[in-house]
>>> print(open('coords.txt').read())   # compact mmCIF, C-alpha atoms
# COMPACT_ATOMS: atom_id res chain seq x y z
CA MET A 1418 -60.77 -71.10 24.01
CA SER A 1419 -57.72 -69.46 22.48
CA THR A 1420 -57.81 -65.93 21.22
CA ARG A 1421 -56.30 -65.15 17.82
CA VAL A 1422 -54.13 -62.05 17.74
CA LEU A 1423 -54.68 -60.07 14.57
CA GLU A 1424 -51.70 -58.43 12.91
CA PRO A 1425 -52.06 -54.80 11.79
CA PRO A 1426 -52.51 -54.19 8.08
CA ALA A 1427 -49.30 -54.12 6.07
CA ALA A 1428 -49.59 -50.35 5.61
CA ASP A 1429 -49.67 -49.85 9.42
CA ARG A 1430 -46.70 -52.09 10.22
CA PRO A 1431 -43.39 -50.44 11.11
CA PRO A 1432 -40.94 -50.55 8.21
CA GLY A 1433 -38.35 -53.33 8.28
CA PRO A 1434 -35.48 -54.45 6.11
CA LYS A 1435 -36.50 -55.47 2.61
CA PRO A 1436 -36.10 -59.20 1.83
CA LEU A 1437 -33.03 -60.40 -0.07
CA THR A 1438 -35.02 -61.79 -2.98
CA GLU A 1439 -38.21 -61.00 -4.86
CA GLY A 1440 -39.31 -64.30 -6.38
CA THR A 1441 -38.14 -66.83 -8.92
CA GLN A 1442 -37.47 -66.36 -12.60
CA SER A 1443 -40.36 -66.80 -15.01
CA THR A 1444 -40.48 -69.76 -17.41
CA GLY A 1445 -39.89 -67.43 -20.35
CA VAL A 1446 -36.74 -66.02 -18.75
CA LEU A 1447 -35.46 -69.52 -18.03
CA ILE A 1448 -35.99 -70.59 -21.65
CA ALA A 1449 -34.17 -67.49 -22.88
CA LEU A 1450 -31.41 -68.09 -20.35
CA TRP A 1451 -30.86 -71.64 -21.58
CA ALA A 1452 -30.71 -70.36 -25.16
CA PHE A 1453 -28.29 -67.51 -24.49
CA VAL A 1454 -26.02 -69.61 -22.27
CA VAL A 1455 -25.97 -72.93 -24.12
CA ILE A 1456 -25.92 -71.80 -27.78
CA PRO A 1457 -22.94 -69.38 -27.45
CA PHE A 1458 -21.13 -72.02 -25.37
CA LEU A 1459 -21.61 -74.64 -28.08
CA ALA A 1460 -20.40 -72.11 -30.64
CA LEU A 1461 -17.31 -71.53 -28.49
CA ILE A 1462 -16.56 -75.27 -28.53
CA VAL A 1463 -17.15 -75.58 -32.28
CA ALA A 1464 -14.95 -72.53 -32.90
CA VAL A 1465 -11.71 -74.43 -32.31
CA PRO A 1466 -12.00 -77.00 -35.13
CA VAL A 1467 -13.65 -74.44 -37.40
CA ALA A 1468 -10.76 -72.00 -36.92
CA TRP A 1469 -8.27 -74.84 -37.38
CA GLY A 1470 -9.91 -75.58 -40.70
CA GLY A 1471 -9.23 -72.04 -41.89
CA PHE A 1472 -12.78 -70.70 -41.68
CA LEU A 1473 -11.80 -67.58 -39.76
CA SER A 1474 -11.04 -64.43 -41.71
CA GLY A 1475 -9.31 -61.23 -40.72
CA THR A 1476 -12.65 -59.46 -41.13
CA ASP A 1477 -14.24 -61.80 -38.57
CA VAL A 1478 -11.39 -61.14 -36.13
CA ALA A 1479 -11.68 -57.37 -36.51
CA ILE A 1480 -15.47 -57.34 -36.07
CA GLY A 1481 -15.27 -59.78 -33.15
CA LEU A 1482 -12.59 -57.70 -31.42
CA PHE A 1483 -14.65 -54.53 -31.87
CA TRP A 1484 -17.75 -56.10 -30.30
CA TYR A 1485 -15.74 -57.80 -27.54
CA LEU A 1486 -14.23 -54.45 -26.56
CA VAL A 1487 -17.56 -52.60 -26.63
CA THR A 1488 -19.52 -55.22 -24.73
CA GLY A 1489 -16.73 -56.23 -22.34
CA LEU A 1490 -16.01 -52.65 -21.32
CA GLY A 1491 -19.75 -52.04 -21.12
CA VAL A 1492 -19.79 -54.65 -18.36
CA THR A 1493 -16.52 -53.81 -16.57
CA VAL A 1494 -16.55 -50.02 -16.80
CA GLY A 1495 -20.34 -49.61 -17.00
CA TYR A 1496 -22.31 -52.32 -15.23
CA HIS A 1497 -19.60 -53.00 -12.63
CA ARG A 1498 -17.38 -50.06 -11.73
CA TYR A 1499 -19.85 -47.29 -12.53
CA PHE A 1500 -23.39 -48.51 -11.91
CA THR A 1501 -22.70 -51.05 -9.16
CA HIS A 1502 -19.94 -49.34 -7.20
CA GLY A 1503 -20.03 -45.67 -8.20
CA SER A 1504 -16.30 -45.53 -8.92
CA PHE A 1505 -16.85 -42.33 -10.88
CA LYS A 1506 -19.57 -39.97 -12.02
CA ALA A 1507 -20.58 -39.68 -15.67
CA LYS A 1508 -22.27 -37.24 -18.02
CA ARG A 1509 -25.76 -38.35 -19.00
CA TRP A 1510 -24.78 -39.43 -22.52
CA LEU A 1511 -21.97 -41.60 -21.15
CA ARG A 1512 -24.28 -43.09 -18.52
CA ILE A 1513 -26.74 -44.17 -21.22
CA ALA A 1514 -23.97 -45.38 -23.54
CA LEU A 1515 -22.46 -47.56 -20.78
CA ALA A 1516 -25.88 -49.04 -19.98
CA VAL A 1517 -26.47 -49.88 -23.64
CA ALA A 1518 -22.97 -51.31 -24.15
CA GLY A 1519 -23.34 -53.48 -21.05
CA SER A 1520 -26.72 -54.73 -22.27
CA PHE A 1521 -25.06 -55.81 -25.52
CA ALA A 1522 -23.07 -58.35 -23.46
CA ILE A 1523 -26.32 -60.32 -22.94
CA GLN A 1524 -25.74 -60.89 -19.22
CA GLY A 1525 -29.14 -59.64 -18.13
CA ASN A 1526 -30.71 -56.22 -17.79
CA ILE A 1527 -28.68 -53.67 -15.88
CA THR A 1528 -30.88 -53.26 -12.77
CA GLN A 1529 -30.98 -56.99 -12.02
CA TRP A 1530 -27.26 -57.38 -12.74
CA VAL A 1531 -26.41 -54.57 -10.32
CA ALA A 1532 -28.76 -55.91 -7.64
CA ASP A 1533 -27.16 -59.37 -7.87
CA HIS A 1534 -23.65 -57.96 -7.67
CA ARG A 1535 -24.34 -55.62 -4.75
CA ARG A 1536 -25.88 -58.56 -2.90
CA HIS A 1537 -22.74 -60.58 -3.68
CA HIS A 1538 -20.58 -57.91 -2.05
CA ALA A 1539 -22.87 -57.62 0.96
CA PHE A 1540 -22.61 -61.39 1.64
CA SER A 1541 -19.42 -62.40 -0.15
CA ASP A 1542 -18.79 -66.15 0.35
CA VAL A 1543 -21.19 -66.39 3.28
CA GLU A 1544 -24.89 -67.20 3.48
CA GLY A 1545 -26.79 -64.82 1.22
CA ASP A 1546 -24.17 -64.67 -1.54
CA PRO A 1547 -26.01 -65.64 -4.75
CA HIS A 1548 -22.97 -67.34 -6.33
CA SER A 1549 -20.28 -68.34 -3.85
CA PRO A 1550 -18.18 -71.38 -4.89
CA TRP A 1551 -17.87 -72.27 -1.19
CA ARG A 1552 -21.62 -72.91 -0.79
CA PHE A 1553 -21.16 -76.70 -0.63
CA GLY A 1554 -18.08 -76.80 1.57
CA ALA A 1555 -14.32 -76.96 1.17
CA THR A 1556 -13.97 -80.64 0.25
CA PHE A 1557 -12.84 -81.61 -3.25
CA TRP A 1558 -16.34 -82.56 -4.40
CA GLY A 1559 -17.91 -79.67 -2.51
CA LEU A 1560 -15.65 -77.20 -4.32
CA ALA A 1561 -16.16 -78.91 -7.68
CA ARG A 1562 -19.89 -78.54 -7.24
CA GLY A 1563 -19.44 -75.02 -5.89
CA LEU A 1564 -17.31 -73.89 -8.82
CA PHE A 1565 -20.00 -75.03 -11.28
CA HIS A 1566 -22.64 -73.30 -9.16
CA ALA A 1567 -20.68 -70.03 -9.00
CA HIS A 1568 -19.77 -70.12 -12.68
CA VAL A 1569 -23.16 -70.77 -14.25
CA GLY A 1570 -25.41 -73.03 -12.15
CA TRP A 1571 -26.70 -70.29 -9.86
CA MET A 1572 -28.49 -68.56 -12.72
CA PHE A 1573 -30.77 -71.53 -13.43
CA ALA A 1574 -32.07 -72.06 -9.89
CA ARG A 1575 -32.11 -68.68 -8.24
CA GLU A 1576 -34.43 -66.28 -6.57
CA LEU A 1577 -33.94 -62.84 -8.02
CA SER A 1578 -32.07 -60.36 -5.82
CA ASN A 1579 -34.45 -57.72 -4.51
CA ARG A 1580 -33.94 -54.68 -6.72
CA ALA A 1581 -35.79 -52.39 -4.30
CA ARG A 1582 -33.24 -53.31 -1.63
CA PHE A 1583 -30.05 -53.49 -3.66
CA ALA A 1584 -30.65 -51.14 -6.62
CA PRO A 1585 -33.25 -48.51 -5.65
CA ASP A 1586 -31.20 -45.80 -7.38
CA LEU A 1587 -31.52 -47.56 -10.74
CA LEU A 1588 -35.23 -48.28 -10.24
CA ALA A 1589 -35.73 -44.54 -9.80
CA ASP A 1590 -33.73 -43.65 -12.93
CA ARG A 1591 -35.92 -43.12 -16.00
CA ASP A 1592 -33.04 -43.51 -18.45
CA ILE A 1593 -32.05 -46.86 -16.95
CA ASN A 1594 -35.66 -48.05 -16.86
CA ARG A 1595 -35.88 -47.30 -20.56
CA VAL A 1596 -32.69 -49.27 -21.28
CA ASP A 1597 -34.05 -52.17 -19.20
CA ARG A 1598 -37.27 -52.21 -21.23
CA LEU A 1599 -35.25 -52.25 -24.44
CA PHE A 1600 -33.10 -55.19 -23.35
CA GLY A 1601 -34.69 -57.56 -25.89
CA PRO A 1602 -34.04 -55.33 -28.93
CA LEU A 1603 -30.52 -54.62 -27.65
CA VAL A 1604 -29.83 -58.37 -27.53
CA ALA A 1605 -30.99 -58.63 -31.15
CA ILE A 1606 -28.68 -55.77 -32.16
CA SER A 1607 -25.77 -57.43 -30.33
CA LEU A 1608 -26.23 -60.63 -32.33
CA LEU A 1609 -27.32 -59.23 -35.69
CA GLY A 1610 -25.08 -56.16 -35.69
CA PRO A 1611 -21.91 -58.20 -36.35
CA ALA A 1612 -23.69 -60.06 -39.14
CA ALA A 1613 -24.69 -56.79 -40.77
CA MET A 1614 -21.12 -55.49 -40.50
CA GLY A 1615 -19.73 -58.71 -41.98
CA GLY A 1616 -22.20 -58.64 -44.84
CA LEU A 1617 -21.49 -55.01 -45.69
CA LEU A 1618 -17.72 -55.34 -45.45
CA THR A 1619 -17.56 -58.48 -47.62
CA TRP A 1620 -20.72 -57.76 -49.62
CA SER A 1621 -21.77 -61.40 -49.25
CA TRP A 1622 -24.15 -63.60 -47.26
CA GLN A 1623 -21.22 -65.83 -46.41
CA GLY A 1624 -19.46 -62.89 -44.76
CA ALA A 1625 -22.62 -62.08 -42.81
CA LEU A 1626 -23.03 -65.66 -41.56
CA SER A 1627 -19.34 -65.95 -40.68
CA ALA A 1628 -19.43 -62.70 -38.69
CA PHE A 1629 -22.64 -63.81 -36.95
CA PHE A 1630 -20.87 -66.99 -35.83
CA TRP A 1631 -17.54 -65.46 -34.75
CA ALA A 1632 -18.38 -61.91 -33.68
CA GLY A 1633 -21.88 -62.82 -32.52
CA LEU A 1634 -22.15 -66.25 -30.92
CA VAL A 1635 -18.48 -67.01 -30.18
CA ARG A 1636 -17.84 -63.50 -28.84
CA VAL A 1637 -20.87 -63.72 -26.51
CA GLY A 1638 -19.84 -67.18 -25.29
CA LEU A 1639 -16.25 -66.11 -24.61
CA LEU A 1640 -17.25 -62.96 -22.74
CA HIS A 1641 -19.83 -64.87 -20.71
CA HIS A 1642 -17.29 -67.36 -19.43
CA VAL A 1643 -14.64 -64.74 -18.76
CA THR A 1644 -17.14 -62.75 -16.68
CA TRP A 1645 -18.42 -65.82 -14.86
CA SER A 1646 -14.84 -66.91 -14.11
CA ILE A 1647 -14.53 -63.87 -11.83
CA ASN A 1648 -17.37 -65.34 -9.74
CA SER A 1649 -15.92 -68.85 -9.71
CA ILE A 1650 -12.14 -69.04 -10.24
CA CYS A 1651 -11.36 -65.69 -8.60
CA HIS A 1652 -13.01 -66.81 -5.37
CA VAL A 1653 -11.00 -70.05 -5.12
CA TYR A 1654 -7.59 -69.74 -6.79
CA GLY A 1655 -4.96 -67.02 -6.78
CA GLU A 1656 -3.11 -64.54 -4.61
CA ARG A 1657 -4.63 -62.52 -1.77
CA PRO A 1658 -2.24 -59.68 -1.01
CA PHE A 1659 -4.95 -57.45 0.51
CA GLU A 1660 -7.02 -57.85 3.65
CA VAL A 1661 -10.73 -58.42 3.03
CA ARG A 1662 -13.70 -59.06 5.26
CA GLN A 1663 -13.70 -62.31 7.23
CA GLY A 1664 -14.97 -65.19 5.10
CA ASP A 1665 -14.39 -63.36 1.80
CA LYS A 1666 -12.20 -65.49 -0.51
CA ALA A 1667 -11.71 -63.01 -3.38
CA ALA A 1668 -8.32 -63.53 -5.07
CA ASN A 1669 -6.21 -62.23 -7.94
CA PHE A 1670 -5.96 -64.57 -10.95
CA TRP A 1671 -3.51 -63.02 -13.40
CA PRO A 1672 -4.17 -65.27 -16.48
CA LEU A 1673 -7.57 -63.59 -16.91
CA ALA A 1674 -6.33 -59.99 -16.57
CA LEU A 1675 -6.32 -59.11 -20.28
CA LEU A 1676 -9.49 -60.95 -21.31
CA SER A 1677 -11.39 -59.50 -18.33
CA PHE A 1678 -10.01 -55.96 -18.83
CA GLY A 1679 -8.53 -55.97 -15.31
CA GLU A 1680 -11.46 -57.50 -13.44
CA SER A 1681 -9.46 -60.54 -12.31
CA TRP A 1682 -7.46 -58.36 -9.88
CA HIS A 1683 -10.36 -59.32 -7.68
CA ASN A 1684 -8.72 -59.27 -4.27
CA LEU A 1685 -8.10 -55.52 -4.28
CA HIS A 1686 -11.63 -54.97 -5.61
CA HIS A 1687 -13.14 -56.72 -2.58
CA ALA A 1688 -10.75 -54.89 -0.27
CA ASP A 1689 -11.73 -51.52 -1.79
CA PRO A 1690 -14.92 -51.99 -3.91
CA THR A 1691 -15.37 -48.36 -4.99
CA SER A 1692 -11.85 -48.01 -6.36
CA ALA A 1693 -11.80 -47.20 -10.09
CA ARG A 1694 -8.59 -49.20 -10.49
CA HIS A 1695 -8.37 -52.88 -9.51
CA GLY A 1696 -4.85 -53.62 -10.67
CA VAL A 1697 -2.89 -51.41 -8.26
CA LEU A 1698 0.37 -53.33 -7.84
CA ARG A 1699 3.36 -53.29 -10.16
CA GLY A 1700 2.74 -55.10 -13.45
CA GLN A 1701 -1.02 -55.45 -12.96
CA ILE A 1702 -2.57 -54.39 -16.27
CA ASP A 1703 -6.04 -52.87 -15.85
CA ILE A 1704 -7.53 -51.84 -19.19
CA SER A 1705 -10.83 -50.75 -17.62
CA ALA A 1706 -9.01 -48.29 -15.36
CA ARG A 1707 -7.16 -46.89 -18.37
CA VAL A 1708 -10.48 -46.37 -20.19
CA ILE A 1709 -11.89 -44.55 -17.15
CA TRP A 1710 -8.74 -42.39 -17.09
CA LEU A 1711 -9.29 -41.53 -20.77
CA LEU A 1712 -12.96 -40.70 -20.16
CA GLU A 1713 -11.89 -38.45 -17.28
CA LYS A 1714 -9.40 -36.65 -19.53
CA LEU A 1715 -12.18 -36.12 -22.10
CA GLY A 1716 -14.46 -34.65 -19.42
CA ALA A 1717 -17.10 -37.39 -19.76
CA ALA A 1718 -16.21 -38.94 -16.38
CA TYR A 1719 -15.44 -36.98 -13.22
CA ASP A 1720 -15.01 -37.39 -9.45
CA VAL A 1721 -13.13 -40.61 -10.17
CA ARG A 1722 -12.24 -42.60 -7.06
CA TRP A 1723 -8.61 -43.40 -7.79
CA PRO A 1724 -6.83 -45.49 -5.14
CA LYS A 1725 -4.53 -43.55 -2.82
CA PRO A 1726 -1.08 -45.00 -2.01
CA GLU A 1727 -1.61 -44.74 1.74
CA ARG A 1728 -4.96 -46.52 1.49
CA ILE A 1729 -3.42 -49.32 -0.59
CA ALA A 1730 -0.55 -49.69 1.90
CA ALA A 1731 -2.99 -49.87 4.81
CA LYS A 1732 -4.92 -52.70 3.18
CA LEU A 1733 -1.89 -54.85 2.31
CA ALA A 1734 -1.72 -58.09 4.21
CA GLN A 1735 1.66 -59.23 5.50
CA PRO A 1736 2.77 -61.69 4.35
CA ALA A 1737 0.78 -62.19 1.12
CA ARG A 1738 -1.37 -65.31 1.18
CA THR A 1739 -1.71 -67.76 -1.69
CA SER A 1740 -4.27 -70.57 -1.96
>>> encode(input="coords.txt", output="structure tokens")
Amino acid sequence: MSTRVLEPPAADRPPGPKPLTEGTQSTGVLIALWAFVVIPFLALIVAVPVAWGGFLSGTDVAIGLFWYLVTGLGVTVGYHRYFTHGSFKAKRWLRIALAVAGSFAIQGNITQWVADHRRHHAFSDVEGDPHSPWRFGATFWGLARGLFHAHVGWMFARELSNRARFAPDLLADRDINRVDRLFGPLVAISLLGPAAMGGLLTWSWQGALSAFFWAGLVRVGLLHHVTWSINSICHVYGERPFEVRQGDKAANFWPLALLSFGESWHNLHHADPTSARHGVLRGQIDISARVIWLLEKLGAAYDVRWPKPERIAAKLAQPARTS
């Protein structure tokens, strides 16, 4: 007769590494995800003929630009360079403001976003990366499928990155926990705020509806796809002047530099993730770095990790590689 060996209770087991994931998304989250991905995308498609027909006012452009700047920089300066990589330190008011502005982008609550992105860097383009475009191989159809997966598909069939493993600092932060709990109301403000501005500036319901469409839905859809393009396009196409870890395919894709506020200088970012500036070579515009510089001058940001010339030179690959 065999003897069953009993394992010690969980509390008595020696600690081990925390798992990569912590379960699947709930049905409610999936429904919301479909709504906030598909509806702004459809608005983005409809925007072209609507704009061609003359239904785009200067007021809509101004409001849309304002919200694109606030939410886009909330993601690039806040969610990404500050919260994920610690490229600088921030006064408490700025820390909260960046968390709120990033939440307005409607890309998920800050703690989960950071956990997913830190996991991406830990396993970039190898097994464990939540959104590598190389997941299905390097063939034409494998990359086509992989690009869709990296761009948007991964969000609909994923296990959530373990926040206790990848973002314990944010889980322990009461201010960030409060912003996470308010994510729903912040989404509503992000969509209805432009409508309110449009209505007040034009003093009409038509102005409110037009601003809701352009500065609400279209702005969210555009920013979504610019952000997601860093996960997809910037890991397949572009220049790779800097050495990165073996297997990592991060590349620079200059056409997205302005819309992404400098995030598409992705090769340097993966070579030196904590650097506050991603566009370090001549002619590489990096609006996010300029905003961090301004915040530093104002005293709101400090201990900024600016790239050093000798460090940049050491990371340059010779000769530069292009895919």
>>> closest_residue(input="coords.txt", among="A:Val1543, A:Val1635, A:Leu1626, A:Ile1702", to="Gly1664 (chain A)", atoms="only C-alpha atoms")
A:Val1543
>>> closest_residue(input="coords.txt", among="A:Gln1663, A:Gln1701, A:Thr1476, A:Thr1444", to="Ser1681 (chain A)", atoms="all atoms listed in the file")
A:Gln1701
>>> residues_around(input="coords.txt", residues="Asn1669 (chain A)", least_positions_apart="5", cutoff="9 Å", atoms="all atoms listed in the file", output="PyMOL selection string")
chain A and resi 1651-1652+1654-1658+1674+1680-1685
>>> closest_residue(input="coords.txt", among="A:Val1494, A:Lys1725, A:Trp1622, A:Lys1435", to="Leu1711 (chain A)", atoms="only C-alpha atoms")
A:Val1494
>>> residues_near_point(input="coords.txt", point="(-29.7, -53.0, -16.9)", cutoff="7 Å", atoms="only C-alpha atoms", output="PyMOL selection string")
chain A and resi 1516+1520+1525-1530+1593+1596-1597
>>> closest_residue(input="coords.txt", among="A:Ala1706, A:Val1569, A:Val1463, A:Val1487", to="Thr1644 (chain A)", atoms="all atoms listed in the file")
A:Val1569
>>> residues_around(input="coords.txt", residues="Glu1576 (chain A)", least_positions_apart="3", cutoff="12 Å", atoms="all atoms listed in the file", output="MDAnalysis selection string")
chainID A and resid 1436:1443 1447 1529 1532:1533 1545:1548 1571:1573 1579:1580
>>> write_last_selection(input="coords.txt", atoms="C-alpha atoms", output="mmCIF file, in the frame of the given file")
data_model
loop_
_atom_site.group_PDB
_atom_site.id
_atom_site.type_symbol
_atom_site.label_atom_id
_atom_site.label_comp_id
_atom_site.auth_asym_id
_atom_site.auth_seq_id
_atom_site.Cartn_x
_atom_site.Cartn_y
_atom_site.Cartn_z
ATOM 1 C CA PRO A 1436 -36.100 -59.200 1.830
ATOM 2 C CA LEU A 1437 -33.030 -60.400 -0.070
ATOM 3 C CA THR A 1438 -35.020 -61.790 -2.980
ATOM 4 C CA GLU A 1439 -38.210 -61.000 -4.860
ATOM 5 C CA GLY A 1440 -39.310 -64.300 -6.380
ATOM 6 C CA THR A 1441 -38.140 -66.830 -8.920
ATOM 7 C CA GLN A 1442 -37.470 -66.360 -12.600
ATOM 8 C CA SER A 1443 -40.360 -66.800 -15.010
ATOM 9 C CA LEU A 1447 -35.460 -69.520 -18.030
ATOM 10 C CA GLN A 1529 -30.980 -56.990 -12.020
ATOM 11 C CA ALA A 1532 -28.760 -55.910 -7.640
ATOM 12 C CA ASP A 1533 -27.160 -59.370 -7.870
ATOM 13 C CA GLY A 1545 -26.790 -64.820 1.220
ATOM 14 C CA ASP A 1546 -24.170 -64.670 -1.540
ATOM 15 C CA PRO A 1547 -26.010 -65.640 -4.750
ATOM 16 C CA HIS A 1548 -22.970 -67.340 -6.330
ATOM 17 C CA TRP A 1571 -26.700 -70.290 -9.860
ATOM 18 C CA MET A 1572 -28.490 -68.560 -12.720
ATOM 19 C CA PHE A 1573 -30.770 -71.530 -13.430
ATOM 20 C CA ASN A 1579 -34.450 -57.720 -4.510
ATOM 21 C CA ARG A 1580 -33.940 -54.680 -6.720
#
>>> residues_around(input="coords.txt", residues="Gly1716 (chain A)", least_positions_apart="3", cutoff="9 Å", atoms="all atoms listed in the file", output="ChimeraX atom specification")
/A:1507-1508,1711-1713,1719
